[in-house]
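Participant: The file below is target.csv, CSV, C-alpha atoms:
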chain,number,residue,atom,x,y,z
M,1308,MET,CA,1.9,-13.4,51.6
M,1309,ILE,CA,4.5,-11.7,49.4
M,1310,PRO,CA,2.8,-10.1,46.3
M,1311,ILE,CA,3.5,-11.8,43.0
M,1312,THR,CA,2.3,-10.5,39.6
M,1313,SER,CA,2.1,-13.0,36.7
M,1314,PHE,CA,2.0,-12.8,33.0
M,1315,ALA,CA,1.7,-15.8,30.7
M,1316,LYS,CA,1.1,-16.7,27.0
M,1317,SER,CA,1.1,-20.0,25.1
M,1318,ASP,CA,1.3,-20.3,21.3
M,1319,ILE,CA,0.8,-23.2,18.8
M,1320,GLY,CA,3.8,-22.1,16.7
M,1321,LEU,CA,4.0,-22.3,12.9
M,1322,LYS,CA,4.4,-26.0,12.3
M,1323,ARG,CA,2.2,-27.9,14.7
M,1324,GLU,CA,-1.5,-28.8,14.2
M,1325,SER,CA,-2.4,-28.4,17.9
M,1326,ASN,CA,-1.0,-26.8,21.1
M,1327,GLU,CA,0.0,-29.5,23.6
M,1328,ASP,CA,1.3,-26.9,26.0
M,1329,ALA,CA,-0.8,-25.7,28.9
M,1330,PHE,CA,-0.5,-23.6,32.0
M,1331,VAL,CA,-2.3,-22.7,35.1
M,1332,VAL,CA,-2.3,-19.5,37.2
M,1333,ASP,CA,-4.2,-19.8,40.5
M,1334,GLU,CA,-3.8,-16.5,42.4
M,1335,ALA,CA,-5.9,-17.8,45.4
M,1336,LEU,CA,-3.6,-20.8,45.8
M,1337,HIS,CA,-0.5,-18.9,44.7
M,1338,LEU,CA,0.3,-21.7,42.2
M,1339,TYR,CA,1.9,-21.1,38.8
M,1340,ALA,CA,2.6,-24.1,36.6
M,1341,VAL,CA,3.4,-25.1,33.0
M,1342,ALA,CA,3.1,-28.4,31.2
M,1343,ASP,CA,4.2,-29.6,27.7
M,1344,GLY,CA,2.2,-32.7,26.6
M,1345,MET,CA,3.5,-35.5,24.5
M,1346,GLY,CA,1.8,-38.3,22.7
M,1347,GLY,CA,0.6,-36.5,19.6
M,1348,MET,CA,-2.2,-34.0,19.1
M,1349,LEU,CA,-5.1,-34.5,21.4
M,1350,ASP,CA,-3.3,-37.0,23.7
M,1351,GLY,CA,-0.6,-34.4,24.5
M,1352,GLU,CA,-3.3,-31.8,25.2
M,1353,VAL,CA,-5.1,-34.2,27.5
M,1354,ALA,CA,-2.0,-35.1,29.4
M,1355,SER,CA,-0.8,-31.6,30.0
M,1356,THR,CA,-4.2,-30.3,31.1
M,1357,ARG,CA,-4.9,-33.4,33.2
M,1358,ALA,CA,-1.6,-33.1,35.0
M,1359,LEU,CA,-2.2,-29.5,35.8
M,1360,SER,CA,-5.6,-30.2,37.1
M,1361,ALA,CA,-4.4,-33.0,39.4
M,1362,LEU,CA,-1.5,-30.9,40.7
M,1363,ARG,CA,-3.8,-28.0,41.5
M,1364,ARG,CA,-6.3,-30.3,43.3
M,1365,SER,CA,-3.6,-31.9,45.4
M,1366,LEU,CA,-1.9,-28.6,46.4
M,1367,ALA,CA,-5.3,-27.1,47.3
M,1368,GLU,CA,-6.0,-30.0,49.6
M,1369,GLN,CA,-2.6,-29.6,51.2
M,1370,GLN,CA,-2.8,-25.8,51.5
M,1371,PRO,CA,-3.6,-25.4,55.2
M,1372,THR,CA,-0.8,-27.8,56.1
M,1373,LEU,CA,1.7,-26.2,53.8
M,1374,GLU,CA,1.0,-22.7,55.2
M,1375,MET,CA,1.4,-24.0,58.7
M,1376,LEU,CA,4.8,-25.6,57.8
M,1377,ALA,CA,5.9,-22.3,56.1
M,1378,ALA,CA,5.1,-20.4,59.3
M,1379,ARG,CA,7.1,-22.7,61.4
M,1380,GLY,CA,10.2,-22.3,59.2
M,1381,ASP,CA,12.4,-24.9,60.9
M,1382,PRO,CA,14.5,-27.3,58.7
M,1383,ASP,CA,12.1,-30.3,59.1
M,1384,SER,CA,9.2,-28.1,58.1
M,1385,ARG,CA,11.0,-26.8,55.1
M,1386,LEU,CA,11.7,-30.4,54.0
M,1387,GLU,CA,8.0,-31.2,54.4
M,1388,LEU,CA,7.1,-28.3,52.1
M,1389,GLU,CA,9.1,-30.0,49.4
M,1390,ARG,CA,7.5,-33.3,50.1
M,1391,GLY,CA,4.1,-31.7,49.7
M,1392,MET,CA,5.1,-30.6,46.2
M,1393,GLN,CA,6.4,-34.1,45.5
M,1394,ARG,CA,3.1,-35.6,46.6
M,1395,ALA,CA,1.2,-33.3,44.2
M,1396,PHE,CA,3.5,-34.3,41.3
M,1397,LEU,CA,3.1,-38.0,42.1
M,1398,GLU,CA,-0.7,-37.6,42.2
M,1399,ALA,CA,-0.6,-35.9,38.8
M,1400,CYS,CA,1.6,-38.7,37.4
M,1401,ALA,CA,-0.7,-41.4,38.7
M,1402,ASP,CA,-3.7,-39.7,37.4
M,1403,VAL,CA,-2.3,-39.3,33.8
M,1404,HIS,CA,-1.0,-42.8,33.8
M,1405,ALA,CA,-4.3,-44.3,34.9
M,1406,LEU,CA,-6.0,-42.4,32.1
M,1407,ALA,CA,-3.5,-43.7,29.6
M,1408,THR,CA,-3.8,-47.3,30.7
M,1409,ARG,CA,-7.6,-47.3,30.2
M,1410,ASP,CA,-7.1,-46.6,26.5
M,1411,ALA,CA,-4.4,-48.4,24.5
M,1412,ARG,CA,-4.3,-45.5,22.0
M,1413,LYS,CA,-3.1,-43.2,24.8
M,1414,SER,CA,-0.4,-45.6,26.0
M,1415,HIS,CA,2.4,-43.2,25.1
M,1416,MET,CA,0.7,-40.1,26.6
M,1417,GLY,CA,2.7,-38.0,29.1
M,1418,THR,CA,3.8,-34.5,29.9
M,1419,THR,CA,6.5,-32.4,31.4
M,1420,LEU,CA,5.5,-30.4,34.4
M,1421,ILE,CA,7.1,-27.4,36.3
M,1422,ALA,CA,5.5,-25.5,39.1
M,1423,VAL,CA,6.1,-22.7,41.5
M,1424,LEU,CA,4.0,-22.5,44.7
M,1425,ALA,CA,4.4,-19.4,46.9
M,1426,VAL,CA,3.9,-20.2,50.6
M,1427,GLY,CA,4.6,-17.4,53.1
M,1428,ASP,CA,7.9,-15.9,52.1
M,1429,LYS,CA,9.1,-19.1,50.3
M,1430,ALA,CA,8.7,-20.6,46.8
M,1431,VAL,CA,8.4,-24.3,46.5
M,1432,ILE,CA,9.5,-25.5,43.1
M,1433,GLY,CA,8.7,-28.8,41.4
M,1434,HIS,CA,10.1,-30.2,38.1
M,1435,VAL,CA,9.8,-33.3,35.9
M,1436,GLY,CA,10.9,-33.3,32.2
M,1437,ASP,CA,12.6,-30.6,30.1
M,1438,SER,CA,10.5,-27.5,30.7
M,1439,ARG,CA,12.5,-25.0,32.6
M,1440,ILE,CA,12.4,-22.5,35.4
M,1441,TYR,CA,14.8,-19.5,35.4
M,1442,LEU,CA,15.4,-17.1,38.3
M,1443,PHE,CA,16.5,-13.5,37.4
M,1444,ARG,CA,17.9,-11.9,40.5
M,1445,GLN,CA,20.1,-8.8,40.8
M,1446,ASN,CA,20.7,-8.8,37.1
M,1447,GLN,CA,21.9,-12.4,37.0
M,1448,MET,CA,20.0,-15.3,35.5
M,1449,HIS,CA,20.1,-18.7,37.1
M,1450,LEU,CA,18.6,-22.0,35.8
M,1451,LEU,CA,16.8,-23.7,38.7
M,1452,THR,CA,15.9,-26.9,36.9
M,1453,GLU,CA,18.0,-29.6,35.1
M,1454,ASP,CA,16.5,-31.1,32.0
M,1455,HIS,CA,15.7,-34.8,32.3
M,1456,THR,CA,16.8,-35.6,28.8
M,1457,LEU,CA,19.3,-37.9,27.2
M,1458,GLY,CA,21.4,-35.0,26.0
M,1459,MET,CA,21.7,-33.3,29.4
M,1460,GLU,CA,22.5,-36.6,31.0
M,1461,GLN,CA,25.5,-36.8,28.8
M,1462,VAL,CA,26.5,-33.3,29.9
M,1463,ARG,CA,26.0,-34.2,33.6
M,1464,ARG,CA,28.3,-37.2,33.1
M,1465,GLY,CA,30.9,-35.1,31.4
M,1466,ALA,CA,30.7,-37.0,28.1
M,1467,LEU,CA,29.6,-34.0,26.1
M,1468,THR,CA,29.5,-30.2,26.4
M,1469,GLU,CA,26.2,-28.2,26.1
M,1470,GLU,CA,27.3,-26.9,22.7
M,1471,GLN,CA,28.0,-30.5,21.5
M,1472,VAL,CA,24.6,-31.6,22.8
M,1473,ARG,CA,22.8,-29.0,20.7
M,1474,THR,CA,23.6,-31.0,17.5
M,1475,MET,CA,22.9,-34.4,19.1
M,1476,PRO,CA,19.9,-36.0,17.2
M,1477,THR,CA,18.6,-37.8,20.3
M,1478,ARG,CA,19.2,-34.9,22.7
M,1479,ASN,CA,15.5,-34.3,23.5
M,1480,ILE,CA,14.5,-37.8,24.4
M,1481,LEU,CA,12.9,-37.5,27.8
M,1482,LEU,CA,14.2,-39.7,30.7
M,1483,ARG,CA,11.5,-38.6,33.0
M,1484,ALA,CA,7.9,-37.5,32.3
M,1485,ILE,CA,4.6,-37.3,34.1
M,1486,GLY,CA,2.3,-40.3,33.2
M,1487,LEU,CA,4.6,-42.6,31.4
M,1488,GLN,CA,4.9,-44.8,34.5
M,1489,PRO,CA,2.7,-44.9,37.7
M,1490,GLU,CA,5.4,-43.0,39.6
M,1491,VAL,CA,8.3,-40.7,38.7
M,1492,ALA,CA,11.3,-39.1,40.5
M,1493,VAL,CA,10.5,-35.5,41.2
M,1494,ASP,CA,13.0,-32.7,41.6
M,1495,THR,CA,12.1,-30.1,44.2
M,1496,LEU,CA,13.7,-26.9,45.5
M,1497,LEU,CA,12.8,-24.5,48.3
M,1498,THR,CA,13.9,-20.9,48.0
M,1499,ASP,CA,13.2,-17.5,49.7
M,1500,LEU,CA,11.3,-15.0,47.7
M,1501,TYR,CA,13.2,-11.7,47.5
M,1502,PRO,CA,11.9,-8.3,46.4
M,1503,GLY,CA,12.6,-7.8,42.7
M,1504,ASP,CA,13.0,-11.5,41.9
M,1505,THR,CA,11.6,-12.6,38.5
M,1506,PHE,CA,10.9,-16.2,37.6
M,1507,LEU,CA,10.6,-17.4,34.0
M,1508,LEU,CA,8.7,-20.7,33.4
M,1509,CYS,CA,8.9,-22.0,29.8
M,1510,THR,CA,8.7,-25.0,27.6
M,1511,ASP,CA,11.4,-26.3,25.3
M,1512,GLY,CA,9.7,-24.8,22.2
M,1513,LEU,CA,10.6,-21.4,23.7
M,1514,TYR,CA,14.1,-21.8,25.2
M,1515,GLY,CA,15.1,-24.2,22.4
M,1516,ALA,CA,14.7,-21.4,19.8
M,1517,LEU,CA,16.5,-18.8,21.9
M,1518,ARG,CA,19.9,-18.4,23.5
M,1519,PRO,CA,20.4,-17.7,27.3
M,1520,HIS,CA,21.6,-14.2,26.7
M,1521,GLU,CA,18.4,-13.4,24.8
M,1522,LEU,CA,16.3,-14.5,27.8
M,1523,HIS,CA,18.5,-12.5,30.1
M,1524,LYS,CA,18.1,-9.4,27.9
M,1525,ALA,CA,14.4,-9.7,27.9
M,1526,LEU,CA,14.1,-10.1,31.6
M,1527,ALA,CA,16.6,-7.2,32.2
M,1528,HIS,CA,15.3,-4.6,29.8
M,1529,GLU,CA,11.8,-5.2,28.7
M,1530,GLU,CA,8.5,-4.2,30.3
M,1531,ILE,CA,7.9,-7.4,32.3
M,1532,SER,CA,4.2,-7.7,31.1
M,1533,GLN,CA,5.4,-7.9,27.5
M,1534,VAL,CA,8.1,-10.6,28.0
M,1535,PRO,CA,6.0,-13.7,27.3
M,1536,ALA,CA,4.5,-12.3,24.1
M,1537,ASP,CA,7.9,-10.9,22.9
M,1538,LEU,CA,9.8,-14.1,23.6
M,1539,ILE,CA,7.2,-16.2,21.8
M,1540,ALA,CA,7.2,-13.8,18.8
M,1541,LEU,CA,11.0,-14.3,18.7
M,1542,ALA,CA,10.7,-18.1,18.8
M,1543,ASN,CA,8.2,-18.0,15.9
M,1544,ALA,CA,10.5,-15.7,14.0
M,1545,ARG,CA,13.1,-18.4,14.3
M,1546,GLY,CA,10.8,-20.9,12.6
M,1547,GLY,CA,8.2,-21.7,15.2
M,1548,LYS,CA,8.9,-25.4,15.0
M,1549,ASP,CA,7.1,-26.2,18.3
M,1550,ASN,CA,4.5,-25.0,20.6
M,1551,SER,CA,5.9,-22.4,23.0
M,1552,THR,CA,4.8,-21.2,26.4
M,1553,ALA,CA,6.3,-18.5,28.6
M,1554,MET,CA,5.2,-17.4,32.1
M,1555,VAL,CA,6.8,-14.6,34.1
M,1556,LEU,CA,6.4,-14.1,37.9
M,1557,ALA,CA,7.5,-10.8,39.3
M,1558,VAL,CA,8.0,-10.6,43.1
M,1559,GLY,CA,6.8,-7.2,44.4
M,1560,ASP,CA,9.3,-4.6,45.4
M,1561,ASP,CA,7.1,-3.8,48.4
M,1562,ALA,CA,7.8,-7.2,49.9
M,1563,GLN,CA,9.3,-7.1,53.4
M,1564,SER,CA,13.0,-6.5,53.2
M,1565,ARG,CA,15.3,-9.3,54.4
M,1566,ILE,CA,18.9,-10.3,54.3
M,1567,ASP,CA,20.1,-10.5,50.7
M,1568,VAL,CA,19.6,-14.1,49.5
M,1569,HIS,CA,22.0,-13.6,46.7
M,1570,ALA,CA,24.8,-12.5,49.1
M,1571,GLN,CA,24.1,-15.5,51.3
M,1572,VAL,CA,24.4,-17.9,48.4
M,1573,GLU,CA,27.7,-16.4,47.3
M,1574,VAL,CA,29.1,-16.6,50.8
M,1575,LEU,CA,28.3,-20.3,50.9
M,1576,ARG,CA,29.8,-20.9,47.4
M,1577,GLY,CA,32.9,-19.1,48.5
M,1578,ILE,CA,33.6,-21.8,51.1
M,1579,PRO,CA,36.0,-24.5,49.6
M,1580,LEU,CA,33.7,-27.3,50.7
M,1581,PHE,CA,30.9,-25.8,48.6
M,1582,GLU,CA,32.8,-24.1,45.7
M,1583,ALA,CA,31.8,-26.8,43.2
M,1584,LEU,CA,28.1,-26.2,43.9
M,1585,SER,CA,25.8,-24.4,41.4
M,1586,TYR,CA,23.6,-21.4,42.4
M,1587,LYS,CA,20.6,-23.9,42.7
M,1588,ASP,CA,22.7,-26.0,45.0
M,1589,GLY,CA,23.4,-22.9,47.1
M,1590,LEU,CA,19.7,-22.2,47.4
M,1591,GLU,CA,19.2,-25.8,48.6
M,1592,LEU,CA,21.8,-25.3,51.3
M,1593,LEU,CA,20.1,-22.1,52.4
M,1594,SER,CA,16.8,-24.0,52.6
M,1595,ILE,CA,18.3,-26.2,55.4
M,1596,SER,CA,20.2,-23.4,57.1
M,1597,ARG,CA,19.3,-20.6,59.5
M,1598,THR,CA,20.5,-17.0,59.6
M,1599,THR,CA,21.4,-15.6,63.0
M,1600,THR,CA,22.7,-12.3,64.4
M,1601,VAL,CA,25.2,-12.2,67.3
M,1602,LYS,CA,26.2,-9.2,69.3
M,1603,GLU,CA,29.7,-7.8,69.9
M,1604,GLY,CA,31.6,-9.8,72.5
M,1605,GLU,CA,29.3,-12.8,72.3
M,1606,ALA,CA,30.9,-16.3,72.2
M,1607,ILE,CA,29.6,-18.2,69.2
M,1608,LEU,CA,31.6,-21.4,69.9
M,1609,ARG,CA,33.4,-22.4,73.0
M,1610,GLU,CA,36.5,-24.7,73.0
M,1611,GLY,CA,35.7,-28.2,74.2
M,1612,SER,CA,31.9,-27.8,73.9
M,1613,PRO,CA,29.8,-30.1,71.7
M,1614,GLY,CA,28.3,-28.8,68.5
M,1615,ALA,CA,26.6,-29.8,65.3
M,1616,GLU,CA,26.7,-26.6,63.2
M,1617,MET,CA,29.3,-24.8,61.0
M,1618,PHE,CA,29.0,-21.1,60.4
M,1619,ALA,CA,29.7,-18.7,57.5
M,1620,ILE,CA,30.0,-15.0,58.0
M,1621,VAL,CA,27.7,-12.8,55.9
M,1622,SER,CA,28.8,-9.7,57.7
M,1623,GLY,CA,30.9,-8.8,60.7
M,1624,ARG,CA,34.2,-9.9,62.2
M,1625,VAL,CA,35.1,-12.7,64.7
M,1626,ARG,CA,38.2,-13.8,66.6
M,1627,VAL,CA,39.3,-17.5,66.8
M,1628,SER,CA,41.3,-18.4,70.0
M,1629,LYS,CA,42.7,-21.6,71.4
M,1630,ALA,CA,43.6,-22.1,75.1
M,1631,GLY,CA,42.9,-18.4,75.6
M,1632,GLN,CA,45.4,-17.3,72.8
M,1633,PRO,CA,44.1,-15.5,69.7
M,1634,ILE,CA,45.0,-17.4,66.5
M,1635,ALA,CA,43.0,-15.8,63.8
M,1636,GLU,CA,40.5,-13.2,62.8
M,1637,LEU,CA,37.8,-13.8,60.2
M,1638,ARG,CA,35.4,-11.4,58.5
M,1639,ASP,CA,32.8,-11.4,55.6
M,1640,GLY,CA,33.0,-14.6,53.7
M,1641,GLY,CA,34.9,-16.5,56.4
M,1642,TYR,CA,33.8,-19.7,57.9
M,1643,PHE,CA,34.5,-21.9,61.0
M,1644,GLY,CA,33.3,-25.0,62.7
M,1645,GLU,CA,33.1,-27.0,59.5
M,1646,MET,CA,34.6,-30.3,60.9
M,1647,VAL,CA,31.4,-31.0,62.9
M,1648,LEU,CA,29.8,-31.8,59.6
M,1649,PHE,CA,31.9,-35.0,59.5
M,1650,ASP,CA,32.3,-36.0,63.2
M,1651,HIS,CA,31.1,-35.4,66.7
M,1652,SER,CA,34.4,-34.2,68.2
M,1653,PRO,CA,34.2,-31.3,70.7
M,1654,ARG,CA,35.0,-27.8,69.4
M,1655,SER,CA,38.7,-27.2,68.9
M,1656,ALA,CA,38.6,-23.4,69.5
M,1657,THR,CA,36.6,-20.5,70.8
M,1658,VAL,CA,35.0,-18.0,68.4
M,1659,THR,CA,33.9,-14.6,69.6
M,1660,ALA,CA,32.2,-11.8,67.8
M,1661,LEU,CA,34.4,-8.7,67.6
M,1662,GLU,CA,31.4,-6.7,66.3
M,1663,GLU,CA,27.8,-7.5,65.5
M,1664,CYS,CA,27.8,-10.4,63.0
M,1665,THR,CA,25.3,-11.9,60.7
M,1666,LEU,CA,25.9,-15.7,60.3
M,1667,ILE,CA,24.6,-18.6,58.3
M,1668,ALA,CA,24.4,-21.7,60.5
M,1669,LEU,CA,24.4,-25.1,58.7
M,1670,GLU,CA,23.6,-28.2,60.7
M,1671,ARG,CA,25.1,-31.6,60.2
M,1672,ASP,CA,21.9,-33.5,60.2
M,1673,GLY,CA,20.2,-31.2,57.8
M,1674,LEU,CA,23.1,-31.5,55.4
M,1675,LEU,CA,23.0,-35.3,55.6
M,1676,LYS,CA,19.3,-35.4,54.8
M,1677,LEU,CA,19.8,-33.1,51.9
M,1678,MET,CA,22.6,-35.3,50.5
M,1679,GLN,CA,20.4,-38.4,50.9
M,1680,ARG,CA,17.7,-36.9,48.6
M,1681,ASN,CA,20.1,-35.1,46.2
M,1682,VAL,CA,22.7,-37.6,45.2
M,1683,GLU,CA,24.3,-35.3,42.6
M,1684,LEU,CA,24.8,-32.5,45.1
M,1685,ALA,CA,26.3,-35.1,47.5
M,1686,ASN,CA,28.7,-36.3,44.9
M,1687,ARG,CA,29.9,-32.7,44.2
M,1688,PHE,CA,30.2,-32.0,47.9
M,1689,LEU,CA,32.2,-35.1,48.6
M,1690,TRP,CA,34.6,-34.4,45.7
M,1691,ALA,CA,35.1,-30.9,47.2
M,1692,PHE,CA,35.7,-32.4,50.6
M,1693,GLY,CA,38.4,-34.7,49.2
M,1694,ARG,CA,40.1,-31.7,47.6
M,1695,VAL,CA,40.1,-29.7,50.8
M,1696,MET,CA,41.4,-32.6,52.9
M,1697,ALA,CA,44.2,-33.3,50.3
M,1698,THR,CA,45.2,-29.6,50.4
M,1699,ARG,CA,45.3,-29.7,54.2
M,1700,LEU,CA,47.4,-32.9,54.1
M,1701,ARG,CA,49.9,-31.4,51.7
M,1702,THR,CA,50.2,-28.2,53.8
M,1703,MET,CA,50.7,-30.3,57.0
M,1704,ASN,CA,53.3,-32.4,55.3
M,1705,ALA,CA,55.2,-29.4,54.1
M,1706,THR,CA,55.1,-27.9,57.6
M,1707,VAL,CA,56.4,-31.1,59.1
M,1708,ALA,CA,59.2,-31.3,56.5
M,1709,ALA,CA,60.2,-27.7,57.2
M,1710,VAL,CA,60.3,-28.3,60.9
M,1711,LYS,CA,62.5,-31.5,60.5
M,1712,SER,CA,64.9,-29.6,58.1
M,1713,GLN,CA,65.5,-27.1,60.9
M,1714,GLN,CA,66.3,-29.7,63.6
Starting from the coordinates I provided, produce the structure as structure tokens.

Facilitator:
Amino acid sequence: MIPITSFAKSDIGLKRESNEDAFVVDEALHLYAVADGMGGMLDGEVASTRALSALRRSLAEQQPTLEMLAARGDPDSRLELERGMQRAFLEACADVHALATRDARKSHMGTTLIAVLAVGDKAVIGHVGDSRIYLFRQNQMHLLTEDHTLGMEQVRRGALTEEQVRTMPTRNILLRAIGLQPEVAVDTLLTDLYPGDTFLLCTDGLYGALRPHELHKALAHEEISQVPADLIALANARGGKDNSTAMVLAVGDDAQSRIDVHAQVEVLRGIPLFEALSYKDGLELLSISRTTTVKEGEAILREGSPGAEMFAIVSGRVRVSKAGQPIAELRDGGYFGEMVLFDHSPRSATVTALEECTLIALERDGLLKLMQRNVELANRFLWAFGRVMATRLRTMNATVAAVKSQQ
């Protein structure tokens, strides 16, 4: 298990009569979670603590299975890890909802919920509501969750910008929460844990009072153990209008060194088919991919053979040839074999490693499964595919026109 150090703090703020935020740190289970209750005073406190308790119980029951899946590491096992987190969230939702239905005074009780579960060398993330999880990696900060609020739904649809939403009176209305209904749609993400990674889990009372660059500055320059207290102090200095909670997870630098995850994500996002994807989307693609190393002179693809994977080059150099004739050389950031993502045609060329190469292999079936459970990612991918095909069609038409003009 990769070592993780955690620091957390929750504060009532300066305007509220009670603290409806709650968090749990379970070092034995490697579970780190934050909840922001709603429903008013004690009801909100009950909802947040109840949800965390149910989440913790469910994941503890699943722990042996989840550890086995993490050890296997194949695409189907990685998908099951996310489903394990979904089950835990759904059990928490059902538990809070059952409690609320037994008492009419608690009928509006609910809570947000975010969680990070470390399993092997992976982190399984779950999210419902508008609490957030940030990843600070190689001096860059990435938001790994999308707020389930009316305001952010307007941003996703392109109706408003994030700056415009900040002044929208109804921006914080939750579209999803734990406990308001018997079930809820749960967002999940599986990502590698990389030495030096830092995760920030926080409620809207914290990030709502601060700007992203202030969170970035704290994670980049402050003593990590002081970050939760310092961020909360800053939120209170801005008025302390809400409860605020901050939790920081630091992945140990003595973790086993692996291929740079950040570089892998950037390679994938450099491919035209994936250029519209966010960093979070890139992590999702990596979760269904495999990384492989091929030796100099090794054939990666053979013309006419069947195949179901496309490849992106993290490092190294390859030659593409057709009918025995070299037609191209590709190096770091290049890609090949992408058309198998859309049909079952045989390979149209042979690709051979000119030196030792590290490649990301993305399988068609894994991508289809990912798009089926992440509709927004699927939409972005299909728009990008349309642009790529349109560009290729224009290029082909221009080539045909040039040939005809010379006849």

Participant: For CA of Ser1594 (chain M) and CA of Gly1641 (chain M), quote the distance in Å rounded to one decimal.

Facilitator: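 Here the two named atoms are 20.0 Å from each other.
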
Participant: For Ala1691 (chain M), which residue out of M:Pro1579, M:Gly1515, M:Pro1653, M:Gly1320 is the nearest one, using only C-alpha atoms?

Facilitator: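 Distance minimum relative to Ala1691 (chain M) lands on M:Pro1579.
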
Participant: Within 8 Å of Leu1593 (chain M), counting only C-alpha atoms, which residues qualify if same-chain residues fewer than 3 places away don't, as a PDB file with C-alpha atoms, keeping the file's coordinate frame?

Facilitator:
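Result file part29.pdb:
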ATOM      1  CA  THR M1498      13.900 -20.900  48.000  1.00  0.00           C
ATOM      2  CA  GLN M1571      24.100 -15.500  51.300  1.00  0.00           C
ATOM      3  CA  VAL M1572      24.400 -17.900  48.400  1.00  0.00           C
ATOM      4  CA  GLY M1589      23.400 -22.900  47.100  1.00  0.00           C
ATOM      5  CA  LEU M1590      19.700 -22.200  47.400  1.00  0.00           C
ATOM      6  CA  SER M1596      20.200 -23.400  57.100  1.00  0.00           C
ATOM      7  CA  ARG M1597      19.300 -20.600  59.500  1.00  0.00           C
TER       8      ARG M1597
END

Participant: The residues within 10 Å of (-3.1, -39.8, 39.6), using all atoms listed in the file and the coordinates of the file, should be reported as a PyMOL selection string; which are they?

Facilitator: chain M and resi 1357-1358+1361-1362+1365+1395-1406+1485-1486+1489-1490

Participant: Output C-alpha atoms of each residue in that selection to a file, as a PDB file, keeping the file's coordinate frame.

Facilitator:
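The file below, part26.pdb, is the result:
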ATOM      1  CA  ARG M1357      -4.900 -33.400  33.200  1.00  0.00           C
ATOM      2  CA  ALA M1358      -1.600 -33.100  35.000  1.00  0.00           C
ATOM      3  CA  ALA M1361      -4.400 -33.000  39.400  1.00  0.00           C
ATOM      4  CA  LEU M1362      -1.500 -30.900  40.700  1.00  0.00           C
ATOM      5  CA  SER M1365      -3.600 -31.900  45.400  1.00  0.00           C
ATOM      6  CA  ALA M1395       1.200 -33.300  44.200  1.00  0.00           C
ATOM      7  CA  PHE M1396       3.500 -34.300  41.300  1.00  0.00           C
ATOM      8  CA  LEU M1397       3.100 -38.000  42.100  1.00  0.00           C
ATOM      9  CA  GLU M1398      -0.700 -37.600  42.200  1.00  0.00           C
ATOM     10  CA  ALA M1399      -0.600 -35.900  38.800  1.00  0.00           C
ATOM     11  CA  CYS M1400       1.600 -38.700  37.400  1.00  0.00           C
ATOM     12  CA  ALA M1401      -0.700 -41.400  38.700  1.00  0.00           C
ATOM     13  CA  ASP M1402      -3.700 -39.700  37.400  1.00  0.00           C
ATOM     14  CA  VAL M1403      -2.300 -39.300  33.800  1.00  0.00           C
ATOM     15  CA  HIS M1404      -1.000 -42.800  33.800  1.00  0.00           C
ATOM     16  CA  ALA M1405      -4.300 -44.300  34.900  1.00  0.00           C
ATOM     17  CA  LEU M1406      -6.000 -42.400  32.100  1.00  0.00           C
ATOM     18  CA  ILE M1485       4.600 -37.300  34.100  1.00  0.00           C
ATOM     19  CA  GLY M1486       2.300 -40.300  33.200  1.00  0.00           C
ATOM     20  CA  PRO M1489       2.700 -44.900  37.700  1.00  0.00           C
ATOM     21  CA  GLU M1490       5.400 -43.000  39.600  1.00  0.00           C
TER      22      GLU M1490
END

Participant: For Ile1595 (chain M), which residue among M:Ala1536, M:Leu1496, M:Leu1366, M:Leu1526 is the nearest when counting only C-alpha atoms?

Facilitator: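 With only C-alpha atoms as the atom set, the closest residue is M:Leu1496.
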
Participant: Fewer than 2 positions away in the same chain doesn't count, so skip those; otherwise give me all residues within 8 Å of Thr1598 (chain M), counting only C-alpha atoms, as a ChimeraX atom specification.

Facilitator: /M:1596,1600,1665-1668

Participant: Counting only C-alpha atoms, I want the residues whose atoms come within 12 Å of (23.1, -27.0, 48.9) in the file frame, returned as a PyMOL selection string.

Facilitator: chain M and resi 1496-1498+1571-1573+1575-1576+1578+1580-1596+1669-1670+1673-1688

Participant: Using all atoms listed in the file, can you tell me which of M:Gln1632, M:Ser1325, M:Gly1436, M:Arg1518 comes closest to Arg1473 (chain M)?

Facilitator: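 Closest to Arg1473 (chain M), using all atoms listed in the file: M:Arg1518.
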
Participant: Find the residue from M:Ala1705, M:Val1423, M:Ala1329, M:Leu1457 that sits nearest to Leu1442 (chain M); use only C-alpha atoms when measuring.

Facilitator: M:Val1423

Participant: Give me the residues of region 1635-1656 of chain M that have any atom at most 9 Å from an atom of region 1616-1619 of chain M; for each, the nearest atom pair and the distance in Å, rounded to one decimal. Use all atoms listed in the file, sort by chain and number, and format it as JSON lines.

Facilitator:
{"residue": "M:Asp1639", "atom": "CA", "partner": "M:Ala1619", "partner_atom": "CA", "distance": 8.2}
{"residue": "M:Gly1640", "atom": "CA", "partner": "M:Ala1619", "partner_atom": "CA", "distance": 6.5}
{"residue": "M:Gly1641", "atom": "CA", "partner": "M:Ala1619", "partner_atom": "CA", "distance": 5.8}
{"residue": "M:Tyr1642", "atom": "CA", "partner": "M:Ala1619", "partner_atom": "CA", "distance": 4.2}
{"residue": "M:Phe1643", "atom": "CA", "partner": "M:Phe1618", "partner_atom": "CA", "distance": 5.6}
{"residue": "M:Gly1644", "atom": "CA", "partner": "M:Met1617", "partner_atom": "CA", "distance": 4.4}
{"residue": "M:Glu1645", "atom": "CA", "partner": "M:Met1617", "partner_atom": "CA", "distance": 4.6}
{"residue": "M:Met1646", "atom": "CA", "partner": "M:Met1617", "partner_atom": "CA", "distance": 7.6}
{"residue": "M:Val1647", "atom": "CA", "partner": "M:Glu1616", "partner_atom": "CA", "distance": 6.4}
{"residue": "M:Leu1648", "atom": "CA", "partner": "M:Glu1616", "partner_atom": "CA", "distance": 7.0}
